Every structure is written in structure tokens, then in C-alpha cells.
file data_38.cif (mmCIF, C-alpha atoms and all ligand atoms)
data_run
loop_
_atom_site.label_atom_id
_atom_site.label_comp_id
_atom_site.auth_asym_id
_atom_site.auth_seq_id
_atom_site.Cartn_x
_atom_site.Cartn_y
_atom_site.Cartn_z
CA MET A 1 -4.39 41.78 4.30
CA LEU A 2 -7.09 41.50 6.99
CA SER A 3 -6.35 38.99 9.69
CA LYS A 4 -9.81 37.33 9.58
CA LEU A 5 -11.46 37.11 6.19
CA SER A 6 -14.81 35.99 4.88
CA ILE A 7 -14.14 33.51 2.09
CA ALA A 8 -16.39 31.77 -0.44
CA VAL A 9 -14.99 28.50 -1.78
CA VAL A 10 -16.80 27.35 -4.94
CA GLY A 11 -16.67 23.62 -5.76
CA ALA A 12 -16.53 20.73 -3.29
CA GLY A 13 -14.02 18.41 -4.95
CA ILE A 14 -10.67 17.62 -3.37
CA THR A 15 -9.27 21.08 -4.26
CA GLY A 16 -12.16 23.04 -2.73
CA LEU A 17 -12.44 20.82 0.36
CA TRP A 18 -8.75 21.24 1.21
CA GLN A 19 -9.09 25.01 0.70
CA ALA A 20 -12.18 25.24 2.95
CA PHE A 21 -10.63 23.03 5.64
CA THR A 22 -7.29 24.91 5.66
CA HIS A 23 -8.75 28.42 5.78
CA ALA A 24 -11.36 27.52 8.41
CA ARG A 25 -8.57 26.02 10.51
CA ALA A 26 -6.70 29.32 10.16
CA GLY A 27 -9.72 31.09 11.69
CA HIS A 28 -11.32 32.55 8.56
CA ARG A 29 -15.10 32.48 7.98
CA VAL A 30 -15.69 30.07 5.11
CA ARG A 31 -18.75 29.35 2.97
CA LEU A 32 -18.48 26.32 0.66
CA VAL A 33 -20.82 26.32 -2.36
CA GLU A 34 -21.33 23.25 -4.57
CA ARG A 35 -23.73 23.01 -7.48
CA SER A 36 -24.59 19.31 -7.08
CA SER A 37 -27.16 18.53 -4.39
CA GLU A 38 -25.58 15.20 -3.45
CA PRO A 39 -22.02 15.71 -2.12
CA PHE A 40 -19.33 14.38 -4.51
CA SER A 41 -21.86 13.16 -7.10
CA SER A 42 -20.43 15.23 -9.96
CA CYS A 43 -16.78 15.77 -9.13
CA ALA A 44 -13.79 14.07 -10.74
CA SER A 45 -12.37 13.56 -7.26
CA ARG A 46 -14.74 10.75 -6.30
CA LEU A 47 -13.23 8.55 -9.03
CA ALA A 48 -9.59 9.02 -8.04
CA ALA A 49 -7.41 6.16 -6.93
CA ALA A 50 -6.16 8.79 -4.46
CA MET A 51 -2.51 7.80 -4.58
CA ILE A 52 -0.27 10.42 -3.02
CA ALA A 53 2.71 9.35 -5.05
CA PRO A 54 5.19 12.17 -5.74
CA GLU A 55 8.09 9.85 -6.54
CA CYS A 56 6.33 7.64 -9.08
CA GLU A 57 4.57 10.59 -10.69
CA ALA A 58 8.00 12.20 -11.28
CA GLU A 59 8.47 9.65 -14.05
CA GLY A 60 6.25 11.80 -16.25
CA ALA A 61 5.76 15.06 -14.37
CA PRO A 62 8.05 18.06 -13.80
CA PRO A 63 10.02 18.32 -10.53
CA ILE A 64 7.62 20.93 -9.08
CA VAL A 65 4.92 18.24 -8.88
CA ARG A 66 7.28 15.90 -7.01
CA ASP A 67 8.44 18.63 -4.61
CA LEU A 68 4.97 19.92 -3.77
CA GLY A 69 3.74 16.35 -3.55
CA ARG A 70 6.36 15.54 -0.93
CA GLU A 71 5.11 18.53 1.05
CA SER A 72 1.53 17.30 0.65
CA ILE A 73 2.24 13.84 2.07
CA ALA A 74 3.27 15.47 5.35
CA LEU A 75 0.14 17.66 5.33
CA TRP A 76 -2.14 14.67 4.68
CA HIS A 77 -0.44 12.64 7.36
CA LYS A 78 -0.70 15.40 9.94
CA ALA A 79 -4.36 16.20 9.21
CA TYR A 80 -6.03 12.94 8.22
CA PRO A 81 -5.60 9.94 10.51
CA ALA A 82 -6.59 7.42 7.82
CA THR A 83 -3.71 8.36 5.51
CA VAL A 84 -1.86 5.14 4.70
CA VAL A 85 1.87 5.60 4.28
CA ASN A 86 3.20 2.21 3.28
CA GLY A 87 4.73 2.91 -0.10
CA THR A 88 4.22 1.89 -3.70
CA LEU A 89 5.52 -1.20 -5.47
CA VAL A 90 6.32 -0.97 -9.19
CA VAL A 91 6.77 -4.17 -11.21
CA ALA A 92 7.09 -5.20 -14.84
CA PRO A 93 7.16 -8.55 -16.61
CA PRO A 94 10.72 -9.59 -17.66
CA ARG A 95 10.04 -8.64 -21.30
CA ASP A 96 9.35 -5.05 -20.17
CA GLY A 97 12.53 -4.75 -18.11
CA ALA A 98 13.60 -1.71 -20.14
CA ASP A 99 10.52 0.18 -18.91
CA LEU A 100 11.45 -0.62 -15.33
CA THR A 101 15.01 0.60 -15.90
CA ARG A 102 13.76 3.85 -17.36
CA PHE A 103 11.30 4.29 -14.48
CA GLU A 104 14.15 3.75 -12.04
CA GLN A 105 16.30 6.35 -13.79
CA MET A 106 13.54 8.95 -13.87
CA THR A 107 12.63 8.69 -10.17
CA GLU A 108 14.21 8.96 -6.71
CA ARG A 109 13.82 7.60 -3.18
CA HIS A 110 13.31 4.00 -4.26
CA GLU A 111 14.76 0.66 -3.47
CA VAL A 112 15.44 -1.86 -6.25
CA VAL A 113 13.77 -5.06 -5.11
CA ALA A 114 14.27 -8.67 -6.22
CA ALA A 115 11.80 -11.57 -6.11
CA GLN A 116 12.34 -12.36 -2.44
CA ARG A 117 11.74 -8.80 -1.26
CA ILE A 118 8.69 -8.48 -3.53
CA ALA A 119 7.29 -11.63 -1.90
CA LYS A 120 7.88 -10.14 1.52
CA LEU A 121 6.23 -6.84 0.64
CA GLU A 122 3.27 -8.42 -1.13
CA PRO A 123 3.04 -12.15 -0.40
CA ASP A 124 0.32 -12.64 -3.03
CA LEU A 125 2.78 -11.55 -5.74
CA ALA A 126 5.38 -14.14 -4.67
CA GLY A 127 7.08 -15.78 -7.64
CA ARG A 128 5.42 -13.53 -10.21
CA PHE A 129 8.11 -10.85 -10.76
CA GLU A 130 11.90 -10.99 -10.75
CA ARG A 131 12.54 -7.31 -10.24
CA GLY A 132 10.72 -4.21 -9.08
CA LEU A 133 11.03 -0.80 -7.43
CA PHE A 134 9.76 0.07 -3.98
CA TYR A 135 8.97 3.68 -2.95
CA PRO A 136 8.59 3.44 0.84
CA ASP A 137 7.53 7.06 1.52
CA GLU A 138 4.46 7.19 -0.72
CA ALA A 139 0.91 7.24 0.61
CA HIS A 140 -2.68 6.68 -0.42
CA VAL A 141 -6.17 7.32 0.91
CA VAL A 142 -9.65 6.10 -0.06
CA ALA A 143 -11.06 8.97 -2.13
CA THR A 144 -14.69 8.95 -0.99
CA GLU A 145 -13.76 8.51 2.67
CA ALA A 146 -11.20 11.32 2.55
CA LEU A 147 -13.70 13.63 0.81
CA ARG A 148 -16.35 12.87 3.45
CA TRP A 149 -13.82 13.41 6.25
CA LEU A 150 -12.69 16.78 4.88
CA LEU A 151 -16.30 17.92 4.56
CA SER A 152 -17.22 16.92 8.10
CA GLU A 153 -13.99 18.33 9.59
CA GLY A 154 -14.60 21.56 7.70
CA ARG A 155 -18.12 21.78 9.11
CA ALA A 156 -16.80 21.08 12.60
CA LEU A 157 -14.42 24.01 12.11
CA GLY A 158 -17.37 26.27 11.21
CA VAL A 159 -17.52 26.01 7.40
CA THR A 160 -21.09 26.66 6.22
CA THR A 161 -22.05 24.52 3.24
CA GLU A 162 -24.56 25.06 0.43
CA PHE A 163 -25.17 22.09 -1.86
CA GLY A 164 -27.42 22.19 -4.92
CA GLN A 165 -26.99 25.97 -5.16
CA PRO A 166 -25.61 28.07 -7.98
CA TYR A 167 -22.86 30.30 -6.59
CA LYS A 168 -23.93 33.87 -5.87
CA PRO A 169 -21.44 36.32 -4.35
CA ASN A 170 -22.44 37.36 -0.86
CA GLY A 171 -20.04 40.21 -0.19
CA GLU A 172 -17.14 37.96 0.83
CA ASP A 173 -13.63 39.40 0.97
CA VAL A 174 -12.26 36.60 -1.20
CA THR A 175 -13.74 34.01 -3.57
CA ILE A 176 -11.68 30.87 -4.21
CA ASP A 177 -12.83 29.21 -7.42
CA CYS A 178 -12.23 25.43 -7.29
CA ARG A 179 -14.75 24.30 -9.92
CA GLY A 180 -12.41 21.96 -11.78
CA ILE A 181 -13.41 21.64 -15.43
CA GLY A 182 -16.59 23.60 -14.55
CA ALA A 183 -14.45 26.77 -14.52
CA ARG A 184 -13.38 26.52 -18.15
CA GLN A 185 -15.40 29.51 -19.33
CA ASP A 186 -13.35 31.71 -17.01
CA ILE A 187 -10.00 29.99 -17.64
CA PRO A 188 -9.64 29.57 -21.42
CA SER A 189 -6.43 27.49 -21.30
CA LEU A 190 -8.02 24.81 -19.11
CA ARG A 191 -8.73 21.47 -20.83
CA GLY A 192 -10.27 18.19 -19.72
CA VAL A 193 -8.42 14.86 -19.70
CA ARG A 194 -10.70 11.88 -19.42
CA GLY A 195 -9.83 9.14 -16.94
CA GLU A 196 -11.59 5.82 -16.45
CA ARG A 197 -11.30 3.43 -13.56
CA ILE A 198 -12.83 0.16 -12.39
CA LEU A 199 -13.66 -0.78 -8.81
CA ILE A 200 -13.44 -4.52 -8.11
CA GLN A 201 -13.66 -6.77 -5.09
CA SER A 202 -11.51 -9.85 -4.65
CA ARG A 203 -11.83 -12.37 -1.85
CA GLU A 204 -8.63 -14.13 -2.93
CA LEU A 205 -6.00 -11.41 -3.12
CA GLY A 206 -4.69 -9.24 -0.34
CA LEU A 207 -2.47 -6.45 -1.65
CA SER A 208 -1.61 -3.93 1.04
CA ARG A 209 -0.29 -1.00 -1.02
CA PRO A 210 -0.63 0.50 -4.52
CA VAL A 211 1.02 -1.68 -7.14
CA ARG A 212 1.92 -0.30 -10.56
CA LEU A 213 2.40 -2.67 -13.47
CA LEU A 214 4.48 -1.16 -16.26
CA HIS A 215 3.58 -1.89 -19.83
CA PRO A 216 4.74 -0.17 -23.05
CA ARG A 217 1.13 0.53 -24.15
CA GLN A 218 -0.99 0.66 -21.01
CA SER A 219 0.61 0.85 -17.58
CA ILE A 220 -1.90 0.39 -14.80
CA TYR A 221 -2.11 0.70 -11.04
CA ILE A 222 -4.13 -1.24 -8.51
CA VAL A 223 -4.88 0.52 -5.25
CA PRO A 224 -6.35 -1.23 -2.19
CA GLN A 225 -9.49 0.36 -0.73
CA GLY A 226 -10.08 -2.01 2.20
CA ASP A 227 -12.46 -4.97 2.45
CA GLY A 228 -10.94 -6.66 -0.61
CA ARG A 229 -11.81 -3.73 -2.87
CA TYR A 230 -9.34 -2.32 -5.40
CA VAL A 231 -9.35 0.56 -7.84
CA ILE A 232 -7.82 -0.36 -11.20
CA GLY A 233 -6.82 2.69 -13.20
CA ALA A 234 -6.58 4.60 -15.20
CA SER A 235 -6.99 5.64 -18.79
CA LEU A 236 -5.55 9.01 -19.80
CA LEU A 237 -7.39 10.33 -22.84
CA GLU A 238 -7.30 13.76 -24.44
CA ARG A 239 -11.10 13.87 -24.54
CA GLU A 240 -13.70 15.65 -22.47
CA ASP A 241 -16.81 13.55 -22.91
CA ASP A 242 -18.11 11.87 -19.81
CA ILE A 243 -19.87 8.95 -21.49
CA PRO A 244 -19.61 5.65 -19.58
CA MET A 245 -16.39 3.62 -19.81
CA THR A 246 -15.58 2.23 -23.25
CA VAL A 247 -15.14 -1.48 -23.93
CA LYS A 248 -11.54 -0.90 -25.00
CA SER A 249 -10.62 0.81 -21.73
CA ALA A 250 -12.35 -1.92 -19.74
CA LEU A 251 -10.46 -4.61 -21.67
CA ASP A 252 -7.13 -2.81 -21.20
CA LEU A 253 -7.57 -2.25 -17.46
CA LEU A 254 -8.99 -5.66 -16.66
CA GLY A 255 -6.49 -7.43 -18.94
CA SER A 256 -3.59 -5.74 -17.18
CA ALA A 257 -5.00 -6.59 -13.74
CA TYR A 258 -5.28 -10.20 -14.88
CA ALA A 259 -1.64 -10.06 -16.04
CA LEU A 260 -0.62 -8.79 -12.59
CA HIS A 261 -2.34 -11.79 -11.03
CA PRO A 262 -4.79 -14.25 -12.65
CA ALA A 263 -6.78 -14.40 -9.41
CA PHE A 264 -8.14 -10.98 -10.36
CA GLY A 265 -10.11 -12.94 -12.97
CA GLU A 266 -12.36 -14.17 -10.17
CA ALA A 267 -12.96 -10.71 -8.69
CA SER A 268 -16.38 -9.00 -8.87
CA ILE A 269 -16.76 -5.74 -10.74
CA LEU A 270 -18.46 -3.26 -8.42
CA ASP A 271 -18.33 -0.09 -10.49
CA MET A 272 -16.90 1.45 -13.64
CA GLY A 273 -16.60 5.19 -13.98
CA ALA A 274 -15.15 8.03 -16.03
CA GLY A 275 -14.18 11.48 -14.85
CA ILE A 276 -12.70 14.62 -16.38
CA ARG A 277 -9.41 15.84 -14.92
CA PRO A 278 -8.89 19.61 -15.20
CA ALA A 279 -5.50 20.44 -16.73
CA PHE A 280 -3.45 23.34 -18.08
CA PRO A 281 -1.31 22.80 -21.22
CA ASP A 282 1.77 21.90 -19.13
CA ASN A 283 -0.25 19.80 -16.65
CA ILE A 284 0.94 21.93 -13.72
CA PRO A 285 -1.74 23.46 -11.46
CA ARG A 286 -2.09 27.18 -10.81
CA ALA A 287 -3.44 29.57 -8.22
CA ILE A 288 -4.43 32.51 -10.42
CA ILE A 289 -4.90 35.80 -8.60
CA GLU A 290 -7.46 38.20 -10.06
CA ASP A 291 -9.16 41.46 -8.99
CA GLY A 292 -6.28 42.42 -6.73
CA GLY A 293 -6.63 39.21 -4.72
CA LYS A 294 -10.43 39.18 -4.39
CA THR A 295 -10.69 36.14 -6.69
CA ILE A 296 -8.29 33.20 -6.63
CA ARG A 297 -8.76 30.42 -9.17
CA VAL A 298 -7.17 27.18 -8.00
CA ASN A 299 -7.27 24.65 -10.79
CA GLY A 300 -5.48 22.36 -13.24
CA THR A 301 -4.54 19.57 -10.85
CA TYR A 302 -4.64 17.09 -13.78
CA ARG A 303 -3.87 13.61 -12.36
CA HIS A 304 -2.57 15.09 -9.11
CA GLY A 305 -5.55 16.47 -7.19
CA PHE A 306 -5.00 14.31 -4.11
CA LEU A 307 -1.26 14.70 -4.45
CA LEU A 308 -1.31 18.49 -4.60
CA ALA A 309 -4.50 19.83 -2.95
CA PRO A 310 -2.88 20.29 0.51
CA ALA A 311 0.14 22.13 -0.95
CA LEU A 312 -2.19 24.34 -3.02
CA ALA A 313 -4.21 25.18 0.10
CA LYS A 314 -1.03 25.99 2.01
CA ALA A 315 0.19 28.29 -0.78
CA VAL A 316 -3.14 30.16 -0.88
CA SER A 317 -3.11 30.37 2.92
CA GLY A 318 0.27 32.15 2.80
CA PHE A 319 -1.09 34.59 0.24
CA LEU A 320 -4.18 35.31 2.38
CA SER A 321 -2.14 35.92 5.50
CA ASP A 322 0.40 38.42 4.12
CA GLY A 323 0.16 38.59 0.33
CA ARG A 324 3.07 36.12 -0.03
CA ARG A 325 3.47 34.56 -3.46
CA ASP A 326 6.57 32.50 -2.77
CA SER A 327 5.07 29.29 -4.15
CA PRO A 328 5.93 28.57 -7.81
CA LEU A 329 2.22 27.80 -8.24
CA PHE A 330 1.59 31.54 -8.46
CA ASP A 331 4.32 32.12 -10.99
CA SER A 332 3.96 29.43 -13.62
CA PRO A 333 3.47 30.97 -17.05
CA GLY A 334 0.75 30.10 -19.54
CA ALA A 335 -2.39 30.30 -17.41
C1 LIG B 1 -9.77 7.83 -12.87
C2 LIG B 1 -8.99 8.90 -12.12
C3 LIG B 1 -8.00 8.54 -11.23
C4 LIG B 1 -7.28 9.51 -10.53
N1 LIG B 1 -6.33 9.12 -9.62
C5 LIG B 1 -5.65 10.06 -8.92
C6 LIG B 1 -4.69 9.69 -7.96
O1 LIG B 1 -4.45 8.51 -7.72
N2 LIG B 1 -4.02 10.68 -7.27
C7 LIG B 1 -4.26 12.02 -7.50
O2 LIG B 1 -3.62 12.86 -6.87
N3 LIG B 1 -5.20 12.39 -8.42
C8 LIG B 1 -5.87 11.47 -9.13
N4 LIG B 1 -6.79 11.83 -10.07
C9 LIG B 1 -6.93 13.27 -10.39
C10 LIG B 1 -7.89 13.96 -9.44
O3 LIG B 1 -9.05 13.20 -9.31
C11 LIG B 1 -8.18 15.37 -9.96
O4 LIG B 1 -6.97 16.08 -10.06
C12 LIG B 1 -9.13 16.06 -8.98
O5 LIG B 1 -10.28 15.30 -8.80
C13 LIG B 1 -9.53 17.46 -9.41
O6 LIG B 1 -10.22 17.97 -8.30
P1 LIG B 1 -11.00 19.34 -8.32
O7 LIG B 1 -11.54 19.52 -6.94
O8 LIG B 1 -10.14 20.41 -8.89
O9 LIG B 1 -12.19 19.11 -9.37
P2 LIG B 1 -13.50 18.21 -9.15
O10 LIG B 1 -13.21 17.03 -8.31
O11 LIG B 1 -14.08 17.96 -10.50
O12 LIG B 1 -14.47 19.15 -8.32
C14 LIG B 1 -15.01 20.31 -8.86
C15 LIG B 1 -16.36 20.55 -8.17
O13 LIG B 1 -16.83 21.84 -8.58
C16 LIG B 1 -18.24 21.73 -8.76
N5 LIG B 1 -18.70 22.82 -9.63
C17 LIG B 1 -18.50 22.96 -10.96
N6 LIG B 1 -19.09 24.10 -11.39
C18 LIG B 1 -19.67 24.67 -10.30
C19 LIG B 1 -20.42 25.88 -10.08
N7 LIG B 1 -20.69 26.71 -11.09
N8 LIG B 1 -20.84 26.17 -8.84
C20 LIG B 1 -20.55 25.34 -7.80
N9 LIG B 1 -19.86 24.19 -7.94
C21 LIG B 1 -19.41 23.87 -9.17
C22 LIG B 1 -18.42 20.35 -9.39
O14 LIG B 1 -19.75 19.89 -9.24
C23 LIG B 1 -17.42 19.53 -8.57
O15 LIG B 1 -18.03 18.98 -7.42
C24 LIG B 1 -7.55 10.89 -10.76
C25 LIG B 1 -8.56 11.25 -11.65
C26 LIG B 1 -9.28 10.28 -12.32
C27 LIG B 1 -10.40 10.71 -13.25
#

call {"tool": "encode", "arguments": {"input": "data_38.cif", "output": "C-alpha cells", "more": "lines below"}}
Ligand SMILES: Cc1cc2nc3c(=O)[nH]c(=O)nc-3n(C[C@H](O)[C@H](O)[C@H](O)COP(=O)(O)OP(=O)(O)OC[C@H]3O[C@@H](n4cnc5c(N)ncnc54)[C@H](O)[C@@H]3O)c2cc1C
result
Amino acid sequence: MLSKLSIAVVGAGITGLWQAFTHARAGHRVRLVERSSEPFSSCASRLAAAMIAPECEAEGAPPIVRDLGRESIALWHKAYPATVVNGTLVVAPPRDGADLTRFEQMTERHEVVAAQRIAKLEPDLAGRFERGLFYPDEAHVVATEALRWLLSEGRALGVTTEFGQPYKPNGEDVTIDCRGIGARQDIPSLRGVRGERILIQSRELGLSRPVRLLHPRQSIYIVPQGDGRYVIGASLLEREDDIPMTVKSALDLLGSAYALHPAFGEASILDMGAGIRPAFPDNIPRAIIEDGGKTIRVNGTYRHGFLLAPALAKAVSGFLSDGRRDSPLFDSPGA
């Protein structure tokens, strides 16, 4: 492979921004093309709760997601100063203790916590839960701030950006397609999984880390965004329409937040939104190499775009430097 390449990255969501940032930092000439004129206005990434939670996600995801996610936490932490690494707290009401036990059995690197420790970790939850799980190594970021930071860092590293433009090849050595669900015509096995989330603001509660409330029907998470704002998420629906949030989803999410703490009942609703997560049938992302390496399609991050974008960029970077395909992301079947 050439040592310095010209690269077109198509799509400025979390996947494309991490690709552009990583390859510009490696000294390549990068052009980032995004079809929406307003940055982040039509990507799924802007809606994410942006948890970087490899341990908790291992409850329902294969080990590759956990392992690459662990690698990504270090990459986030090294690159982005506003990465918050203060863990995740998982709780369940006493009647759902079996769910907590299962969650504990399916995951690693946690501490079983009792009421006193929960109160110490999150004073506003004092007296509300008898038992929980604490994952001290997990991280989170604020999605829109991280997206903005990656874009401006990329530009500072020399990435040229074209917003509101349809992608036209310009003789680049490599095109990296990061169009999310917008790439479906070229990747037939890609599907969309709808996710809805609510942004609220509470003057009464001060949670300092993501809190997951387990429930047999609708588990939720609440992720602090600073200034009393919290993302409550998320629905997970095998549908691709991007109509506004449904009443049922709003009731489920808000009802669960209220069950976590009734003071959420006094919070203001700032925004409700729905986005389409791009996913392969097994919900594991891929970097698909085509045209002898001239086109690389990086897609299918499902509910793990923030968790896995840095590891995906690192894997593609290895391939660009010496043709290496040692990451399992290149090998997964079924793409
Ligand atoms: C409610 C919700 C909560 C979530 N929470 C988390 C979380 O806590 N942690 C986590 O890791 N993940 C989370 N996710 C998942 C994460 O948001 C996705 O995995 C991620 O956004 C996918 O990123 P992407 O860059 O591949 O796609 P997108 O963010 O959709 O970006 C694709 C971009 O490509 C552009 N595009 C499309 N077609 C073209 C074209 N022809 N030319 C140019 N540009 C084009 C689009 O306009 C868009 O800007 C969540 C998702 C949702 C919906």
C-alpha cells in the first residue's frame, strides 16, 4: 500500500468522523462528504445516549463487541478530553431481582453493590434500591459535543469537508463508505432498527453516571448530559420508519424514569427523537473490502456506534497501512 493516501470518507456520523479523524492523524489526505447541509442534522448518531459500555452491552451482544468496546474506551480516553470514565450503575426493583442476577451472570468487571454503596455512588438514589451492579471502567460522552469535537479536530488535522453535497468520486485512492442506513442499496443485508429517546432537564436530581433500570418488558437507561439534562432511552424496534416518537414509547420511557425516581416527574421535556440504527443480521459491524481495497464499507454498528467507531477506525487504519486484516471485523460472515 502507498504510505500517504488520498481518502474520501462518505457520511459524517460517528463512524465517518472517527474514520476521517484517524486517517488524517495518520497523515493521509482526507475529504469528508456529507449529504445534509447542516452537520449532524440527519444522522442517527446525534440521538445516541453515547454510552461507551462494553461490559453492560455484553449482556445481549457477542464477546467481540465487548472486546472491541474495551479497546475503544482507551481510544476515546486518549483522544477526547471530555470522555467521562466514571462507570455505569445497574439497578432493579426487588421484584425484578432475577433480571439483576441474570445480568450479573452475563457480564464481567462489575462489583455487586448494596444499598449503602448505591447511596454513595449516586446520593439521589439513596434508599431506593437494595441491590445493584457497578461497572467502574465504563464511559460516556455527550453525543452532539463529541461529534462537533471530532469534526473540528479533523478539520484542524487537514480534513476538507463538503456538506450538502452528493458524493462524487474525485480520483481518491480509497473511498470509505460510512453512510449508515443510507448505504442499504449497496449492502443488501443491512437493516434499520428504530430507536427513540427523550431528552429531559431536571433541577432536582443530580445523577453523575449512566444508570440502567432493569425491567422484564422495557429496561431503560438514563445518561447525564450536564446542566441537569438527561437522555432517557431507548426503544429497540425492528422498524425503519423515522416518524416522530410514538405515545407508547414515550409512556414506557417516561414511566420507567419515574419508577427510577419520582422526582423525574417534575423534569422538563426538552426533545423527543427517533433514529434508525444500521445493523447486519447478527448485529455485529463490518468493514467490507471491495474493488481490491479501493472501497471500504464500514457499517452495521447497530446500538454500538459510539462504543465501536474508534476500534473500527483503528482496524481500517491497519488495513490501509499494510493490508492487514487481523481484526475479526473483516472476517465476520454474512455481510
Ligand atoms: C436512541 C439511540 C440511542 C443510542 N445510544 C447509543 C449508545 O448509548 N452508545 C452507542 O455506542 N451507540 C448508541 N446508539 C447507536 C448509534 O447511534 C449508531 O450505531 C450510530 O449512530 C451509527 O452511526 P453511523 O455513523 O454509522 O450512521 P449515522 O449516524 O446515521 O451517519 C450516517 C451519515 O451518512 C450520511 N449519508 C447518508 N447517505 C449519504 C450519501 N449518499 N452521501 C453522503 N452522506 C450520506 C447521513 O446523512 C448521516 O449523516 C444509539 C442509537 C439510537 C437511535

call {"tool": "closest_residue", "arguments": {"input": "data_38.cif", "among": "A:Trp76, A:Tyr302, A:Phe40, A:Phe103", "to": "A:His215", "atoms": "all atoms listed in the file"}}
result
A:Phe103

call {"tool": "axis_aligned_box", "arguments": {"input": "data_38.cif", "around": "ligand LIG 1 (chain B)", "padding_each_side": "3 Å", "output": "JSON"}}
result
{"center_x": -12.2, "center_y": 17.3, "center_z": -10.1, "size_x": 23.2, "size_y": 24.9, "size_z": 12.4}

call {"tool": "closest_residue", "arguments": {"input": "data_38.cif", "among": "A:Thr161, A:Ser219, A:Ser42, A:Ser208", "to": "ligand LIG 1 (chain B)", "atoms": "all atoms listed in the file"}}
result
A:Ser42

call {"tool": "closest_atom_pairs", "arguments": {"input": "data_38.cif", "of": "chain A", "to": "ligand LIG 1 (chain B)", "cutoff": "6 Å", "atoms": "only C-alpha atoms and all ligand atoms", "output": "CSV"}}
result
residue,atom,partner,partner_atom,distance
A:Val10,CA,B:LIG1,C20,5.1
A:Gly11,CA,B:LIG1,O13,3.3
A:Ala12,CA,B:LIG1,O15,4.7
A:Gly13,CA,B:LIG1,O7,3.4
A:Ile14,CA,B:LIG1,O7,4.1
A:Thr15,CA,B:LIG1,O7,3.8
A:Gly16,CA,B:LIG1,O7,5.5
A:Val33,CA,B:LIG1,C20,5.5
A:Glu34,CA,B:LIG1,N9,3.8
A:Arg35,CA,B:LIG1,C20,4.0
A:Ser36,CA,B:LIG1,O14,5.3
A:Phe40,CA,B:LIG1,O15,5.6
A:Ser42,CA,B:LIG1,O14,4.8
A:Cys43,CA,B:LIG1,O11,3.7
A:Ala44,CA,B:LIG1,O10,3.9
A:Ser45,CA,B:LIG1,O5,3.1
A:Leu47,CA,B:LIG1,C1,5.2
A:Ala48,CA,B:LIG1,C4,3.4
A:Ala49,CA,B:LIG1,O1,3.9
A:Ala50,CA,B:LIG1,O1,3.7
A:Met51,CA,B:LIG1,O1,3.8
A:Ile52,CA,B:LIG1,O2,5.7
A:Pro166,CA,B:LIG1,N8,5.2
A:Tyr167,CA,B:LIG1,N8,5.1
A:Cys178,CA,B:LIG1,O8,5.7
A:Arg179,CA,B:LIG1,O13,3.5
A:Gly180,CA,B:LIG1,O9,3.7
A:Gly182,CA,B:LIG1,N6,4.1
A:Gly195,CA,B:LIG1,C27,4.1
A:Glu196,CA,B:LIG1,C1,4.5
A:Arg197,CA,B:LIG1,C1,4.7
A:Gly233,CA,B:LIG1,C1,5.9
A:Ala234,CA,B:LIG1,C1,5.1
A:Gly275,CA,B:LIG1,C27,4.2
A:Ile276,CA,B:LIG1,C27,5.5
A:Arg277,CA,B:LIG1,C11,5.1
A:Asn299,CA,B:LIG1,O8,5.5
A:Thr301,CA,B:LIG1,O4,4.3
A:Tyr302,CA,B:LIG1,O4,4.5
A:Arg303,CA,B:LIG1,C9,3.7
A:His304,CA,B:LIG1,O2,3.3
A:Gly305,CA,B:LIG1,O4,3.2
A:Phe306,CA,B:LIG1,O2,3.4
A:Leu307,CA,B:LIG1,O2,3.8

call {"tool": "closest_atom_pairs", "arguments": {"input": "data_38.cif", "of": "stretch 25-64 of chain A", "to": "stretch 2-8 of chain A", "cutoff": "10 Å", "atoms": "all atoms listed in the file", "output": "tab-separated table"}}
result
residue	atom	partner	partner_atom	distance
A:Ala26	CA	A:Lys4	CA	8.6
A:Gly27	CA	A:Lys4	CA	6.6
A:His28	CA	A:Lys4	CA	5.1
A:Arg29	CA	A:Ser6	CA	4.7
A:Val30	CA	A:Ile7	CA	4.8
A:Arg31	CA	A:Ala8	CA	4.8
A:Leu32	CA	A:Ala8	CA	5.9
A:Val33	CA	A:Ala8	CA	7.3

call {"tool": "closest_residue", "arguments": {"input": "data_38.cif", "among": "A:Arg229, A:Arg194, A:His77, A:Arg102", "to": "A:Ala139", "atoms": "all atoms listed in the file"}}
result
A:His77

call {"tool": "closest_residue", "arguments": {"input": "data_38.cif", "among": "A:Leu213, A:Ala143, A:Ile198, A:Leu68", "to": "A:Ala92", "atoms": "all atoms listed in the file"}}
result
A:Leu213

call {"tool": "residues_around", "arguments": {"input": "data_38.cif", "residues": "A:Arg209", "least_positions_apart": "3", "cutoff": "10 Å", "atoms": "all atoms listed in the file", "output": "JSON, numbers by chain"}}
result
{"A": [51, 84, 85, 86, 87, 88, 89, 121, 122, 138, 139, 140, 206, 212, 222, 223, 224, 225]}

call {"tool": "atom_distance", "arguments": {"input": "data_38.cif", "atom1": "atom CA of A:His110", "atom2": "atom CA of A:Gln218"}}
result
22.3 Å

call {"tool": "atom_distance", "arguments": {"input": "data_38.cif", "atom1": "atom CA of A:Ala315", "atom2": "atom CA of A:Arg155"}}
result
21.8 Å

call {"tool": "atom_distance", "arguments": {"input": "data_38.cif", "atom1": "atom CA of A:Ile118", "atom2": "atom CA of A:Val142"}}
result
23.7 Å
